[in-house]
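What follows is a single structure, written as structure tokens, with notes after it.
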Amino acid sequence: MTLIELSQVSLTYPHAAAPALSDLTLAVEEGATLSILGPSGCGKTTVLRAIAGFERPQTGAITIAGRPVCDAAHWVVPEERGVGMVFQDYALFPHLTVAENVAFGLQRLEKAAAARTVAQTLDLVGLSGFEDRYPHELSGGQQQRVALARALAPKPIVLLLDEPFSNLDPDMRGQMREEVEDILRLTCTTSVLVTHDHDEAFAMADRVAVLNHGRLEQVDTPEAIYHTPATPFVANFVGQADFLLGRVDNGKLHTEVGIFENVGGHPAGVAVEIMIRPDDVHIVPASPGGARIVGRQFRGSENLYTMLLPSGQHLHSSESSTTVYPVGTLVDLKIVATHIVTFAKR
């Protein structure tokens, strides 16, 4: 069942030179997590604000649980939409205790019922016993859990998360990401996560929507976004990508590192670009060799090598952290592409 639907939504802020969102169409299934991924300024947070009712699009329609909340004939105010939101800076009330922060959206409940809900929600996020503390007495991870508890306590139809891990250090970010994902799965909460981190999007989301300048480039599963990107922008944004020039001859794509299947059905003689990921490229030391290593980055679990091809183009390869070749080594390259993805030459 589709729980949230945006149809041809366009929004331009006053005095802006370009639209924040252009003809955006998206859907989120009940119980699923959609991640909106893209660079700063691409419109990610604007999507959340439009769903929540903080911004009103000039055109298009938004429905939540089958109910129109924004179109030419309807406008539902934020507090009536059944939406919970976790902000980037958590936005906790500094003068309220943890319990009071979580109870903030429960004014419609009787006091005893609200207290039970607060206790249950704090237990869910692992903060039982912290009821009487104030935000400044908590770590960053604990503050985030309070913000999550406050958003979940009213049992929203959908939970919106705006870069919720960006203020945490890398180790804590990974831990909190796993904890939040577990909570969302446990509670079957439908959620929309905004992030600029593709690892975060891939780890948490059932589907990923990639935005660029307010336009939707692609929406698909994390695996499809990575392995079969629809555009060069998506290919580059979600991971290291190299683009090799190829030409169609005798039904195959010929490049300086090998011959590939013409999966796009390009006509003979046409120049195309073939996307190659570093994990598709394997190094074989050889003399004289068809390429030369000109750089190595140690990344803990892997080494990322940069090779210079005879044409002058660079190509990257990821090898295990224990596979070390000196800069200057002559090598041959073995390409084992998981998926062959081609684009018209730019």
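Quick note on naming: the chains in the structure tokens go A, B, ... in the order shown, residues restart at 1 in each chain, and ligands are numbered from 1 in order of appearance.
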Exercise. Run DSSP on the backbone and grab whatever in stretch 19-117 of chain A lands in alpha helix (DSSP H); send it over as a count of residues only.
Key: 21
Practice problem: List every residue of stretch 176-238 of chain A that DSSP, applied to the backbone of this structure, assigns to strand (DSSP E or B), and report them as a PyMOL selection string. | Solution: chain A and resi 190-195+207-212+215-220
Quiz item: Do you know which residues are at most 9 Å from A:Glu200 counting only C-alpha atoms, after dropping those on the same chain fewer than 3 positions away, and could you put them as a PyMOL selection string?
Solution: chain A and resi 35+174+177+195-197+203-205
Those residues you just picked out, can you put them in a file as a PDB file, in the first residue's frame with all heavy atoms?
ATOM      1  N   SER A  35      14.976   6.778   1.265  1.00  0.00           N
ATOM      2  CA  SER A  35      16.037   7.753   1.504  1.00  0.00           C
ATOM      3  C   SER A  35      16.101   8.712   0.333  1.00  0.00           C
ATOM      4  O   SER A  35      16.095   8.288  -0.828  1.00  0.00           O
ATOM      5  CB  SER A  35      17.385   7.059   1.676  1.00  0.00           C
ATOM      6  OG  SER A  35      18.401   8.019   1.862  1.00  0.00           O
ATOM      7  N   GLY A 174      27.644   5.406  12.998  1.00  0.00           N
ATOM      8  CA  GLY A 174      27.346   4.054  12.557  1.00  0.00           C
ATOM      9  C   GLY A 174      26.498   3.296  13.559  1.00  0.00           C
ATOM     10  O   GLY A 174      25.559   2.580  13.196  1.00  0.00           O
ATOM     11  N   ARG A 177      22.926   4.735  13.567  1.00  0.00           N
ATOM     12  CA  ARG A 177      22.231   4.350  12.340  1.00  0.00           C
ATOM     13  C   ARG A 177      21.637   2.953  12.493  1.00  0.00           C
ATOM     14  O   ARG A 177      20.474   2.716  12.129  1.00  0.00           O
ATOM     15  CB  ARG A 177      23.228   4.394  11.187  1.00  0.00           C
ATOM     16  CG  ARG A 177      22.620   4.152   9.817  1.00  0.00           C
ATOM     17  CD  ARG A 177      23.637   4.461   8.742  1.00  0.00           C
ATOM     18  NE  ARG A 177      24.773   3.549   8.776  1.00  0.00           N
ATOM     19  CZ  ARG A 177      25.934   3.787   8.195  1.00  0.00           C
ATOM     20  NH1 ARG A 177      26.136   4.929   7.570  1.00  0.00           N
ATOM     21  NH2 ARG A 177      26.905   2.896   8.245  1.00  0.00           N
ATOM     22  N   THR A 195      19.574  12.481   3.429  1.00  0.00           N
ATOM     23  CA  THR A 195      21.001  12.381   3.707  1.00  0.00           C
ATOM     24  C   THR A 195      21.790  12.734   2.449  1.00  0.00           C
ATOM     25  O   THR A 195      21.270  12.656   1.335  1.00  0.00           O
ATOM     26  CB  THR A 195      21.384  10.963   4.176  1.00  0.00           C
ATOM     27  OG1 THR A 195      22.779  10.898   4.445  1.00  0.00           O
ATOM     28  CG2 THR A 195      21.047   9.919   3.124  1.00  0.00           C
ATOM     29  N   HIS A 196      23.052  13.134   2.642  1.00  0.00           N
ATOM     30  CA  HIS A 196      23.966  13.310   1.509  1.00  0.00           C
ATOM     31  C   HIS A 196      24.993  12.191   1.481  1.00  0.00           C
ATOM     32  O   HIS A 196      25.882  12.181   0.635  1.00  0.00           O
ATOM     33  CB  HIS A 196      24.681  14.664   1.598  1.00  0.00           C
ATOM     34  CG  HIS A 196      25.557  14.792   2.815  1.00  0.00           C
ATOM     35  ND1 HIS A 196      25.083  15.256   4.020  1.00  0.00           N
ATOM     36  CD2 HIS A 196      26.855  14.486   3.015  1.00  0.00           C
ATOM     37  CE1 HIS A 196      26.070  15.234   4.900  1.00  0.00           C
ATOM     38  NE2 HIS A 196      27.154  14.775   4.316  1.00  0.00           N
ATOM     39  N   ASP A 197      24.854  11.230   2.407  1.00  0.00           N
ATOM     40  CA  ASP A 197      25.803  10.132   2.565  1.00  0.00           C
ATOM     41  C   ASP A 197      25.224   8.869   1.920  1.00  0.00           C
ATOM     42  O   ASP A 197      24.263   8.284   2.427  1.00  0.00           O
ATOM     43  CB  ASP A 197      26.061   9.908   4.060  1.00  0.00           C
ATOM     44  CG  ASP A 197      27.118   8.844   4.338  1.00  0.00           C
ATOM     45  OD1 ASP A 197      27.299   7.952   3.487  1.00  0.00           O
ATOM     46  OD2 ASP A 197      27.731   8.893   5.415  1.00  0.00           O
ATOM     47  N   ALA A 203      22.450   1.711   3.571  1.00  0.00           N
ATOM     48  CA  ALA A 203      22.325   0.861   4.754  1.00  0.00           C
ATOM     49  C   ALA A 203      20.909   0.845   5.310  1.00  0.00           C
ATOM     50  O   ALA A 203      20.448  -0.184   5.815  1.00  0.00           O
ATOM     51  CB  ALA A 203      23.300   1.328   5.837  1.00  0.00           C
ATOM     52  N   MET A 204      20.203   1.970   5.218  1.00  0.00           N
ATOM     53  CA  MET A 204      18.930   2.088   5.926  1.00  0.00           C
ATOM     54  C   MET A 204      17.690   1.961   5.050  1.00  0.00           C
ATOM     55  O   MET A 204      16.621   1.614   5.543  1.00  0.00           O
ATOM     56  CB  MET A 204      18.868   3.436   6.663  1.00  0.00           C
ATOM     57  CG  MET A 204      19.841   3.565   7.805  1.00  0.00           C
ATOM     58  SD  MET A 204      19.531   5.023   8.809  1.00  0.00           S
ATOM     59  CE  MET A 204      17.899   4.671   9.478  1.00  0.00           C
ATOM     60  N   ALA A 205      17.809   2.271   3.770  1.00  0.00           N
ATOM     61  CA  ALA A 205      16.606   2.452   2.957  1.00  0.00           C
ATOM     62  C   ALA A 205      16.220   1.209   2.164  1.00  0.00           C
ATOM     63  O   ALA A 205      17.067   0.425   1.741  1.00  0.00           O
ATOM     64  CB  ALA A 205      16.805   3.626   2.001  1.00  0.00           C
TER      65      ALA A 205
END
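When atom CA of A:Ile183 is paired with atom CA of A:Val98, their separation reads 18.6 Å.
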What are the closest atom pairs, with distances in Å to one decimal, for all residues of stretch 214-310 of chain A lying within 7 Å of stretch 17-32 of chain A? Consider only C-alpha atoms, order rows by chain and residue number, and present the result as a tab-separated table.
residue	atom	partner	partner_atom	distance
A:Gly214	CA	A:Leu21	CA	4.1
A:Arg215	CA	A:Ser22	CA	5.4
A:Leu216	CA	A:Leu24	CA	6.4
Practice problem: Mind giving me the straight-line distance from atom CA of A:Leu34 to atom CA of A:Thr46 in Å, one decimal? | Solution: 15.0 Å
Quiz item: What lies within 7 Å of A:Ala103 using only C-alpha atoms, ignoring chain neighbours under 6 positions off, as a VMD selection string?
Solution: chain A and resid 114 118 150
Quiz item: Can you list, as a PyMOL selection string, every protein, DNA or RNA residue that comes within 10 Å of A:Glu273 when you count only C-alpha atoms, leaving out same-chain residues fewer than 3 positions away?
Solution: chain A and resi 232+242-247+253+255+276+341-346
Go ahead and dump the residues you just picked, N, CA, C and O atoms, as an mmCIF file, in the first residue's frame.
data_model
loop_
_atom_site.group_PDB
_atom_site.id
_atom_site.type_symbol
_atom_site.label_atom_id
_atom_site.label_comp_id
_atom_site.auth_asym_id
_atom_site.auth_seq_id
_atom_site.Cartn_x
_atom_site.Cartn_y
_atom_site.Cartn_z
ATOM 1 N N PRO A 232 24.824 9.597 -15.545
ATOM 2 C CA PRO A 232 26.191 9.778 -15.051
ATOM 3 C C PRO A 232 26.245 10.477 -13.695
ATOM 4 O O PRO A 232 27.122 10.167 -12.878
ATOM 5 N N ASP A 242 34.462 5.543 -12.956
ATOM 6 C CA ASP A 242 35.255 5.991 -14.095
ATOM 7 C C ASP A 242 34.448 5.729 -15.357
ATOM 8 O O ASP A 242 33.644 4.788 -15.419
ATOM 9 N N PHE A 243 34.672 6.546 -16.373
ATOM 10 C CA PHE A 243 33.933 6.412 -17.625
ATOM 11 C C PHE A 243 34.925 6.227 -18.761
ATOM 12 O O PHE A 243 35.705 7.128 -19.082
ATOM 13 N N LEU A 244 34.912 5.045 -19.347
ATOM 14 C CA LEU A 244 35.823 4.709 -20.434
ATOM 15 C C LEU A 244 35.151 4.956 -21.776
ATOM 16 O O LEU A 244 33.979 4.596 -21.973
ATOM 17 N N LEU A 245 35.888 5.542 -22.701
ATOM 18 C CA LEU A 245 35.366 5.747 -24.040
ATOM 19 C C LEU A 245 35.359 4.419 -24.789
ATOM 20 O O LEU A 245 36.348 3.680 -24.777
ATOM 21 N N GLY A 246 34.232 4.116 -25.413
ATOM 22 C CA GLY A 246 34.112 2.895 -26.201
ATOM 23 C C GLY A 246 33.441 3.186 -27.530
ATOM 24 O O GLY A 246 32.777 4.222 -27.690
ATOM 25 N N ARG A 247 33.617 2.260 -28.456
ATOM 26 C CA ARG A 247 32.989 2.409 -29.769
ATOM 27 C C ARG A 247 32.425 1.059 -30.190
ATOM 28 O O ARG A 247 33.038 0.009 -29.949
ATOM 29 N N LEU A 253 31.302 -3.541 -27.695
ATOM 30 C CA LEU A 253 31.859 -2.262 -27.276
ATOM 31 C C LEU A 253 33.364 -2.431 -27.076
ATOM 32 O O LEU A 253 33.806 -3.195 -26.214
ATOM 33 N N THR A 255 37.003 -0.997 -26.035
ATOM 34 C CA THR A 255 37.679 0.031 -25.242
ATOM 35 C C THR A 255 39.160 -0.327 -25.154
ATOM 36 O O THR A 255 39.569 -1.432 -25.543
ATOM 37 N N ILE A 276 32.742 2.174 -15.118
ATOM 38 C CA ILE A 276 33.531 1.137 -14.446
ATOM 39 C C ILE A 276 33.688 1.520 -12.979
ATOM 40 O O ILE A 276 34.112 2.639 -12.656
ATOM 41 N N VAL A 341 27.168 -0.793 -17.739
ATOM 42 C CA VAL A 341 26.292 0.377 -17.829
ATOM 43 C C VAL A 341 26.930 1.356 -18.817
ATOM 44 O O VAL A 341 28.109 1.709 -18.680
ATOM 45 N N THR A 342 26.154 1.770 -19.791
ATOM 46 C CA THR A 342 26.677 2.673 -20.817
ATOM 47 C C THR A 342 25.834 3.944 -20.883
ATOM 48 O O THR A 342 24.642 3.935 -20.595
ATOM 49 N N PHE A 343 26.498 5.022 -21.283
ATOM 50 C CA PHE A 343 25.837 6.310 -21.489
ATOM 51 C C PHE A 343 26.297 6.876 -22.825
ATOM 52 O O PHE A 343 27.430 6.613 -23.274
ATOM 53 N N ALA A 344 25.458 7.677 -23.429
ATOM 54 C CA ALA A 344 25.869 8.379 -24.631
ATOM 55 C C ALA A 344 27.041 9.298 -24.274
ATOM 56 O O ALA A 344 27.075 9.902 -23.190
ATOM 57 N N LYS A 345 28.011 9.399 -25.154
ATOM 58 C CA LYS A 345 29.189 10.215 -24.879
ATOM 59 C C LYS A 345 28.786 11.665 -24.669
ATOM 60 O O LYS A 345 28.034 12.242 -25.452
ATOM 61 N N ARG A 346 29.287 12.229 -23.538
ATOM 62 C CA ARG A 346 28.920 13.612 -23.196
ATOM 63 C C ARG A 346 29.767 14.600 -23.964
ATOM 64 O O ARG A 346 30.910 14.329 -24.300
#
Quiz item: Nearest to A:Pro285 among A:His95, A:Arg56, A:Arg133, A:Lys334, with distances taken over only C-alpha atoms: which residue is it?
Solution: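 Using only C-alpha atoms, A:Pro285 sits closest to A:Lys334.
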Quiz prompt | For A:Thr231, the nearest of the candidates A:Ile274, A:Ala151, A:Ala91, A:Val257, counting only C-alpha atoms | solution =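 Comparing A:Ile274, A:Ala151, A:Ala91, A:Val257 against A:Thr231, the winner is A:Ile274.
Neighbouring residues of A:Leu124 at 12 Å or closer, counting only C-alpha atoms and skipping chain neighbours under 5 positions away, are A:Thr117, A:Val118, A:Ala119, A:Arg145, A:Val146, A:Leu148, A:Ala149, A:Arg150, A:Leu152, A:Ala153, A:Glu179, A:Val180, A:Asp182, A:Ile183, A:Leu184, A:Leu186, A:Thr187.
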